[in-house]
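Right, one structure below, let's go through it.
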Amino acid sequence: MLRDWAQLYPDKILNRTNGITQRRFLALCNPSLSALLTHRLGSKNWITNLFQLEKLKPYANNGEVLAAFCETKKENKRRLARWMEGQGLYYDPARMLDVQIKRLHEYKRQLLHCLGILALTFQIEQGEITEFAPTTFLFAAKAAPGYARAKAVIKLIHAVGDYVARSPKAAPLLQVLFVPDYSVTAAERIIPAADVSEQISTASKEASGTGNMKFMLNGALTLGTMDGANVEIVEEVGKENAFIFGLSAEQVIQYENYGGYNPMDIFNNDQDIRRVLMQLINGTYSPQDSELFRPLYNSLLNTQDTAKADTYFILADFKSYAEAQRRVEAAYKDEKNWAKSALLNVACAGKFSSDRTIAGYAKDIWQIDPVTL
């Protein structure tokens, strides 16, 4: 946007990674974890200096601390379950909680998440998957009133949730919930309970969201693309403590600039994708109107104009995403190692405080000195 200006004045165009406030998104919304951190760190200094969390790293192999950490997560799940009852939703706190909460937009790819659940459901019903850690996939989002395709995705999520709940084989293992009236207040209940943070936007499309930082700070592991602040989260915590999949930003930009991507090739050659997409238009999830989800199907397979088909590369990343989901499920079964990775996510979250962001602005951009109060 500011290319010409940047070429004239290369030293004037600066950026600092944005951040979140640990006062709200840990100290206030997660009292059980906050108490554990204060106890183990010996002070509350982390509330004003989040880099203090680095002192947690030696505890990553301490069985007592990991057990206490797991108990805080269980307590937050129970607390969420009680709150969700007031929303008319039932959540079993014993299940893994896989969460995607953010603005509903095509580039954030709630549709990819939904298609992944459809594939799992089909495989369970067909006996292709016989064991799976019981999981609740929880969505919450808002969409602009005129954004028809986003509204269709919300409709699909609800339809899939209803279908899974009625499936004798899938219901014991999977659950799909959509929390109504999403807000910061809802996020404060959901984030502390989450095990998995879905950050699956098309690489190159997310400037730098902050939801992923909030989840990391509360001990959720990132399932995501190398996009936005995910890149820096992985730099801090290591790829072994996250689940990364999909095209790179460079690959996406290459396709956008030079073409070469045809989702019909994937549809024709991948049985898993083909059967999932056919379910969108054969009435499986809309028995009263088999054409209800035709616009979503068409958005992925626009045979009239392939340049307008799957513009967010959902089918290109589908296989990689499905494999990442299975890695998540397998890792979650190892409670001790999962807890270790979750604690390391908390310990490595110091960089993502808005205190660091503002300090960077003050020093490098505003060139002002802090005042001690």
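By order in the structure tokens, chains are A, B, ...; within a chain, residues start at 1; ligands start at 1, following the order shown.
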
Residue neighbourhood segment 213-228 of chain A, 8 Å, only C-alpha atoms, exclusion window fewer than 5 positions, as JSON, numbers by chain
{"A": [19, 20, 25, 26, 30, 33, 191, 192, 194, 195, 196, 197, 198, 199, 200, 201, 202, 203, 204, 205, 206, 207, 208, 233, 241, 242, 243, 244, 245, 246, 247, 248, 249, 324, 325, 328, 341, 342, 343, 344, 345, 346, 347, 349, 352]}

Coordinates-based distance that separates atom CA of Ala148 of chain A from atom CA of Tyr285 of chain A (Å, one decimal)
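Pair atom CA of Tyr285 of chain A / atom CA of Ala148 of chain A returns 18.4 Å.
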
Which of segment 56-168 of chain A counts as alpha helix (DSSP H) under DSSP, as JSON, numbers by chain please?
{"A": [63, 64, 65, 66, 67, 68, 69, 70, 71, 72, 73, 74, 75, 76, 77, 78, 79, 80, 81, 82, 83, 84, 85, 110, 111, 112, 113, 114, 115, 116, 117, 118, 119, 120, 121, 122, 123, 124, 125, 148, 149, 150, 151, 152, 153, 154, 155, 156, 157, 158, 159, 160, 161, 162, 163, 164, 165, 166]}

Show me a table, sorted first by chain and then by increasing residue number, of the residues of segment 56-95 of chain A having an atom at most 10 Å from segment 127-138 of chain A, each with its shortest atom pair and the distance in Å to one decimal, counting only C-alpha atoms and written as CSV.
```
residue,atom,partner,partner_atom,distance
A:Tyr91,CA,A:Thr136,CA,7.6
A:Asp92,CA,A:Thr136,CA,8.2
A:Pro93,CA,A:Thr136,CA,9.3
A:Ala94,CA,A:Pro134,CA,8.1
A:Arg95,CA,A:Thr135,CA,5.1
```

Going by DSSP on the backbone, which bits of segment 113-192 of chain A are strand (DSSP E or B)? Write them as a PyMOL selection string, please.
chain A and resi 135-140+174-178

Restricting it to N, CA and C atoms, dump the selection as a PDB file, in the first residue's frame.
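Final output, result_22.pdb:
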```pdb
ATOM      1  N   THR A 135     -13.565 -35.783  20.981  1.00  0.00           N
ATOM      2  CA  THR A 135     -13.210 -34.387  20.712  1.00  0.00           C
ATOM      3  C   THR A 135     -14.454 -33.545  20.476  1.00  0.00           C
ATOM      4  N   THR A 136     -14.460 -32.366  21.067  1.00  0.00           N
ATOM      5  CA  THR A 136     -15.468 -31.353  20.744  1.00  0.00           C
ATOM      6  C   THR A 136     -14.811 -30.280  19.889  1.00  0.00           C
ATOM      7  N   PHE A 137     -15.359 -30.070  18.695  1.00  0.00           N
ATOM      8  CA  PHE A 137     -14.912 -28.992  17.812  1.00  0.00           C
ATOM      9  C   PHE A 137     -15.828 -27.800  18.073  1.00  0.00           C
ATOM     10  N   LEU A 138     -15.275 -26.749  18.601  1.00  0.00           N
ATOM     11  CA  LEU A 138     -16.077 -25.596  19.012  1.00  0.00           C
ATOM     12  C   LEU A 138     -15.771 -24.398  18.121  1.00  0.00           C
ATOM     13  N   PHE A 139     -16.824 -23.852  17.522  1.00  0.00           N
ATOM     14  CA  PHE A 139     -16.722 -22.650  16.693  1.00  0.00           C
ATOM     15  C   PHE A 139     -17.438 -21.503  17.393  1.00  0.00           C
ATOM     16  N   ALA A 140     -16.955 -20.310  17.163  1.00  0.00           N
ATOM     17  CA  ALA A 140     -17.712 -19.103  17.501  1.00  0.00           C
ATOM     18  C   ALA A 140     -17.219 -18.021  16.550  1.00  0.00           C
ATOM     19  N   LEU A 174     -17.142 -37.594  18.353  1.00  0.00           N
ATOM     20  CA  LEU A 174     -17.081 -36.232  17.837  1.00  0.00           C
ATOM     21  C   LEU A 174     -18.284 -35.423  18.292  1.00  0.00           C
ATOM     22  N   GLN A 175     -18.063 -34.122  18.452  1.00  0.00           N
ATOM     23  CA  GLN A 175     -19.152 -33.185  18.724  1.00  0.00           C
ATOM     24  C   GLN A 175     -18.793 -31.864  18.055  1.00  0.00           C
ATOM     25  N   VAL A 176     -19.788 -31.209  17.482  1.00  0.00           N
ATOM     26  CA  VAL A 176     -19.569 -29.910  16.827  1.00  0.00           C
ATOM     27  C   VAL A 176     -20.522 -28.900  17.451  1.00  0.00           C
ATOM     28  N   LEU A 177     -19.966 -27.839  18.006  1.00  0.00           N
ATOM     29  CA  LEU A 177     -20.772 -26.813  18.664  1.00  0.00           C
ATOM     30  C   LEU A 177     -20.457 -25.449  18.066  1.00  0.00           C
ATOM     31  N   PHE A 178     -21.485 -24.613  17.996  1.00  0.00           N
ATOM     32  CA  PHE A 178     -21.321 -23.220  17.558  1.00  0.00           C
ATOM     33  C   PHE A 178     -21.890 -22.330  18.664  1.00  0.00           C
TER      34      PHE A 178
END
```

Which residues, written as number ranges by chain, have at least one atom at most 10 Å from Leu89 of chain A, with only C-alpha atoms counted and residues fewer than 4 positions away on the same chain left out?
A: 81-85, 177-180

Which residues, written as a ChimeraX atom specification, have at least one atom at most 12 Å from Cys29 of chain A, with only C-alpha atoms counted and residues fewer than 6 positions away on the same chain left out?
/A:21-23,35,76,79-80,184-193,214-215,217-218

For Tyr59 of chain A: contacts at 12 Å, only C-alpha atoms, fewer than 5 positions along chain excluded, given as an MDAnalysis selection string
chainID A and resid 36:37 40:41 53:54 64:69 339:344 346:347

Those same residues, written as a short mmCIF file (atom, residue, chain, number, x, y, z; two decimals), in the first residue's frame with all heavy atoms?
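Wrote it out as out.cif, contents follow:
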```cif
data_model
loop_
_atom_site.label_atom_id
_atom_site.label_comp_id
_atom_site.auth_asym_id
_atom_site.auth_seq_id
_atom_site.Cartn_x
_atom_site.Cartn_y
_atom_site.Cartn_z
N LEU A 36 -1.24 -20.79 39.72
CA LEU A 36 -0.13 -21.74 39.58
C LEU A 36 1.14 -21.02 39.13
O LEU A 36 2.24 -21.28 39.66
CB LEU A 36 -0.51 -22.82 38.56
CG LEU A 36 0.59 -23.84 38.22
CD1 LEU A 36 1.00 -24.64 39.44
CD2 LEU A 36 0.13 -24.77 37.09
N LEU A 37 1.03 -20.11 38.18
CA LEU A 37 2.19 -19.37 37.69
C LEU A 37 2.81 -18.54 38.81
O LEU A 37 4.04 -18.53 38.99
CB LEU A 37 1.80 -18.47 36.52
CG LEU A 37 1.25 -19.16 35.27
CD1 LEU A 37 0.91 -18.13 34.21
CD2 LEU A 37 2.23 -20.17 34.73
N ARG A 40 4.68 -20.81 41.27
CA ARG A 40 5.93 -21.39 40.78
C ARG A 40 6.98 -20.34 40.48
O ARG A 40 8.19 -20.59 40.60
CB ARG A 40 5.66 -22.25 39.55
CG ARG A 40 4.90 -23.53 39.87
CD ARG A 40 5.74 -24.44 40.76
NE ARG A 40 4.97 -25.58 41.28
CZ ARG A 40 5.47 -26.53 42.04
NH1 ARG A 40 6.77 -26.49 42.38
NH2 ARG A 40 4.73 -27.51 42.48
N LEU A 41 6.56 -19.15 40.07
CA LEU A 41 7.51 -18.08 39.77
C LEU A 41 7.91 -17.28 41.00
O LEU A 41 8.87 -16.51 40.98
CB LEU A 41 6.93 -17.14 38.70
CG LEU A 41 6.67 -17.77 37.33
CD1 LEU A 41 5.96 -16.78 36.41
CD2 LEU A 41 7.96 -18.25 36.70
N LEU A 53 7.71 -15.35 32.33
CA LEU A 53 7.22 -16.71 32.11
C LEU A 53 8.31 -17.65 31.62
O LEU A 53 8.18 -18.87 31.73
CB LEU A 53 6.06 -16.71 31.10
CG LEU A 53 4.77 -15.99 31.52
CD1 LEU A 53 3.71 -16.16 30.45
CD2 LEU A 53 4.26 -16.51 32.86
N GLU A 54 9.40 -17.10 31.08
CA GLU A 54 10.50 -17.95 30.62
C GLU A 54 11.06 -18.82 31.75
O GLU A 54 11.64 -19.88 31.51
CB GLU A 54 11.61 -17.10 30.00
CG GLU A 54 11.20 -16.42 28.70
CD GLU A 54 12.30 -15.53 28.14
OE1 GLU A 54 13.37 -15.42 28.81
OE2 GLU A 54 12.10 -14.96 27.06
N GLU A 64 5.17 -33.08 38.92
CA GLU A 64 4.24 -32.43 39.84
C GLU A 64 3.63 -31.18 39.22
O GLU A 64 2.42 -30.95 39.30
CB GLU A 64 4.96 -32.08 41.14
CG GLU A 64 4.08 -31.38 42.17
CD GLU A 64 4.85 -30.90 43.38
OE1 GLU A 64 6.04 -31.24 43.51
OE2 GLU A 64 4.26 -30.17 44.21
N VAL A 65 4.47 -30.37 38.57
CA VAL A 65 4.00 -29.14 37.95
C VAL A 65 3.09 -29.46 36.77
O VAL A 65 2.05 -28.82 36.57
CB VAL A 65 5.18 -28.25 37.52
CG1 VAL A 65 4.69 -27.04 36.73
CG2 VAL A 65 5.97 -27.79 38.74
N LEU A 66 3.48 -30.45 35.96
CA LEU A 66 2.65 -30.81 34.81
C LEU A 66 1.29 -31.31 35.26
O LEU A 66 0.27 -31.00 34.63
CB LEU A 66 3.36 -31.87 33.96
CG LEU A 66 4.64 -31.42 33.25
CD1 LEU A 66 5.23 -32.57 32.45
CD2 LEU A 66 4.38 -30.23 32.33
N ALA A 67 1.25 -32.08 36.34
CA ALA A 67 -0.04 -32.56 36.87
C ALA A 67 -0.90 -31.40 37.33
O ALA A 67 -2.11 -31.36 37.07
CB ALA A 67 0.19 -33.55 38.00
N ALA A 68 -0.28 -30.43 38.01
CA ALA A 68 -1.02 -29.26 38.46
C ALA A 68 -1.52 -28.44 37.28
O ALA A 68 -2.64 -27.91 37.29
CB ALA A 68 -0.14 -28.40 39.38
N PHE A 69 -0.68 -28.34 36.24
CA PHE A 69 -1.07 -27.62 35.03
C PHE A 69 -2.28 -28.30 34.38
O PHE A 69 -3.24 -27.63 33.99
CB PHE A 69 0.10 -27.56 34.06
CG PHE A 69 -0.22 -26.90 32.75
CD1 PHE A 69 -0.19 -25.53 32.63
CD2 PHE A 69 -0.55 -27.65 31.65
CE1 PHE A 69 -0.49 -24.91 31.43
CE2 PHE A 69 -0.86 -27.05 30.44
CZ PHE A 69 -0.82 -25.67 30.33
N ALA A 339 1.05 -32.11 27.98
CA ALA A 339 1.15 -31.10 29.04
C ALA A 339 2.48 -30.36 28.97
O ALA A 339 2.54 -29.14 29.17
CB ALA A 339 0.98 -31.75 30.41
N LYS A 340 3.55 -31.10 28.65
CA LYS A 340 4.87 -30.46 28.50
C LYS A 340 4.84 -29.41 27.39
O LYS A 340 5.31 -28.28 27.57
CB LYS A 340 5.93 -31.52 28.22
CG LYS A 340 7.32 -30.97 27.97
CD LYS A 340 8.31 -32.08 27.66
CE LYS A 340 9.70 -31.52 27.34
NZ LYS A 340 10.67 -32.61 27.04
N SER A 341 4.29 -29.79 26.23
CA SER A 341 4.21 -28.84 25.11
C SER A 341 3.34 -27.64 25.45
O SER A 341 3.65 -26.50 25.10
CB SER A 341 3.66 -29.54 23.86
OG SER A 341 4.60 -30.45 23.33
N ALA A 342 2.22 -27.90 26.16
CA ALA A 342 1.32 -26.82 26.53
C ALA A 342 2.00 -25.86 27.49
O ALA A 342 1.88 -24.62 27.35
CB ALA A 342 0.06 -27.40 27.15
N LEU A 343 2.73 -26.39 28.47
CA LEU A 343 3.43 -25.52 29.43
C LEU A 343 4.51 -24.71 28.73
O LEU A 343 4.72 -23.53 29.04
CB LEU A 343 4.02 -26.36 30.55
CG LEU A 343 4.69 -25.56 31.68
CD1 LEU A 343 3.66 -24.75 32.45
CD2 LEU A 343 5.45 -26.47 32.64
N LEU A 344 5.21 -25.32 27.77
CA LEU A 344 6.23 -24.58 27.03
C LEU A 344 5.61 -23.47 26.19
O LEU A 344 6.22 -22.41 26.01
CB LEU A 344 7.04 -25.53 26.15
CG LEU A 344 8.04 -26.41 26.90
CD1 LEU A 344 8.64 -27.47 25.98
CD2 LEU A 344 9.16 -25.56 27.52
N VAL A 346 3.06 -21.68 27.12
CA VAL A 346 2.88 -20.60 28.09
C VAL A 346 4.22 -19.91 28.37
O VAL A 346 4.33 -18.68 28.35
CB VAL A 346 2.28 -21.14 29.41
CG1 VAL A 346 2.17 -20.01 30.45
CG2 VAL A 346 0.91 -21.77 29.16
N ALA A 347 5.25 -20.71 28.59
CA ALA A 347 6.57 -20.17 28.95
C ALA A 347 7.17 -19.31 27.86
O ALA A 347 7.97 -18.40 28.14
CB ALA A 347 7.51 -21.33 29.29
#
```

At a cut-off of 9 Å, using only C-alpha atoms, what residues contact Phe293 of chain A? Leave out same-chain residues fewer than 3 positions from it and give the result as a PyMOL selection string.
chain A and resi 152-153+155-156+280-281+283+285-286+289-290+296-298

Residue with the minimum atom-to-atom distance to Arg356 of chain A, picked from A:Gln110, A:Pro31, A:Ile253, A:Thr17 with only C-alpha atoms counted, is A:Thr17

Neighbours of Ala171 of chain A within 10 Å (only C-alpha atoms; same-chain residues fewer than 6 positions away dropped), as a list in words?
Thr121, Ile124, Glu125, Pro134, Thr135, Gly161, Asp162, Tyr163, Val164 and Ala165 of chain A

Mind writing the picked residues with N, CA, C and O atoms as a PDB file, in the first residue's frame?
```
ATOM      1  N   THR A 121     -15.943 -37.729  10.211  1.00  0.00           N
ATOM      2  CA  THR A 121     -17.243 -38.358  10.455  1.00  0.00           C
ATOM      3  C   THR A 121     -17.477 -39.526   9.506  1.00  0.00           C
ATOM      4  O   THR A 121     -17.887 -40.621   9.918  1.00  0.00           O
ATOM      5  N   ILE A 124     -15.245 -42.511  10.373  1.00  0.00           N
ATOM      6  CA  ILE A 124     -15.720 -43.213  11.572  1.00  0.00           C
ATOM      7  C   ILE A 124     -16.947 -44.053  11.235  1.00  0.00           C
ATOM      8  O   ILE A 124     -17.061 -45.217  11.634  1.00  0.00           O
ATOM      9  N   GLU A 125     -17.864 -43.480  10.481  1.00  0.00           N
ATOM     10  CA  GLU A 125     -19.086 -44.211  10.131  1.00  0.00           C
ATOM     11  C   GLU A 125     -18.803 -45.419   9.238  1.00  0.00           C
ATOM     12  O   GLU A 125     -19.515 -46.429   9.314  1.00  0.00           O
ATOM     13  N   PRO A 134     -12.049 -38.721  22.066  1.00  0.00           N
ATOM     14  CA  PRO A 134     -13.300 -37.954  22.008  1.00  0.00           C
ATOM     15  C   PRO A 134     -13.021 -36.454  21.992  1.00  0.00           C
ATOM     16  O   PRO A 134     -12.316 -35.932  22.852  1.00  0.00           O
ATOM     17  N   THR A 135     -13.565 -35.783  20.981  1.00  0.00           N
ATOM     18  CA  THR A 135     -13.210 -34.387  20.712  1.00  0.00           C
ATOM     19  C   THR A 135     -14.454 -33.545  20.476  1.00  0.00           C
ATOM     20  O   THR A 135     -15.368 -33.955  19.762  1.00  0.00           O
ATOM     21  N   GLY A 161     -23.071 -30.268  12.856  1.00  0.00           N
ATOM     22  CA  GLY A 161     -23.231 -30.562  14.278  1.00  0.00           C
ATOM     23  C   GLY A 161     -24.461 -31.403  14.560  1.00  0.00           C
ATOM     24  O   GLY A 161     -24.419 -32.369  15.339  1.00  0.00           O
ATOM     25  N   ASP A 162     -25.567 -31.069  13.906  1.00  0.00           N
ATOM     26  CA  ASP A 162     -26.807 -31.841  14.077  1.00  0.00           C
ATOM     27  C   ASP A 162     -26.632 -33.272  13.558  1.00  0.00           C
ATOM     28  O   ASP A 162     -27.088 -34.233  14.184  1.00  0.00           O
ATOM     29  N   TYR A 163     -25.981 -33.400  12.400  1.00  0.00           N
ATOM     30  CA  TYR A 163     -25.778 -34.725  11.805  1.00  0.00           C
ATOM     31  C   TYR A 163     -24.912 -35.600  12.723  1.00  0.00           C
ATOM     32  O   TYR A 163     -25.240 -36.767  12.977  1.00  0.00           O
ATOM     33  N   VAL A 164     -23.794 -35.039  13.202  1.00  0.00           N
ATOM     34  CA  VAL A 164     -22.886 -35.797  14.068  1.00  0.00           C
ATOM     35  C   VAL A 164     -23.599 -36.234  15.346  1.00  0.00           C
ATOM     36  O   VAL A 164     -23.437 -37.370  15.806  1.00  0.00           O
ATOM     37  N   ALA A 165     -24.404 -35.344  15.902  1.00  0.00           N
ATOM     38  CA  ALA A 165     -25.109 -35.665  17.142  1.00  0.00           C
ATOM     39  C   ALA A 165     -26.078 -36.831  16.968  1.00  0.00           C
ATOM     40  O   ALA A 165     -26.363 -37.572  17.919  1.00  0.00           O
TER      41      ALA A 165
END
```

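Rounded to one decimal, atom CA of Ile368 of chain A and atom CA of Asn18 of chain A lie 18.6 Å from each other.
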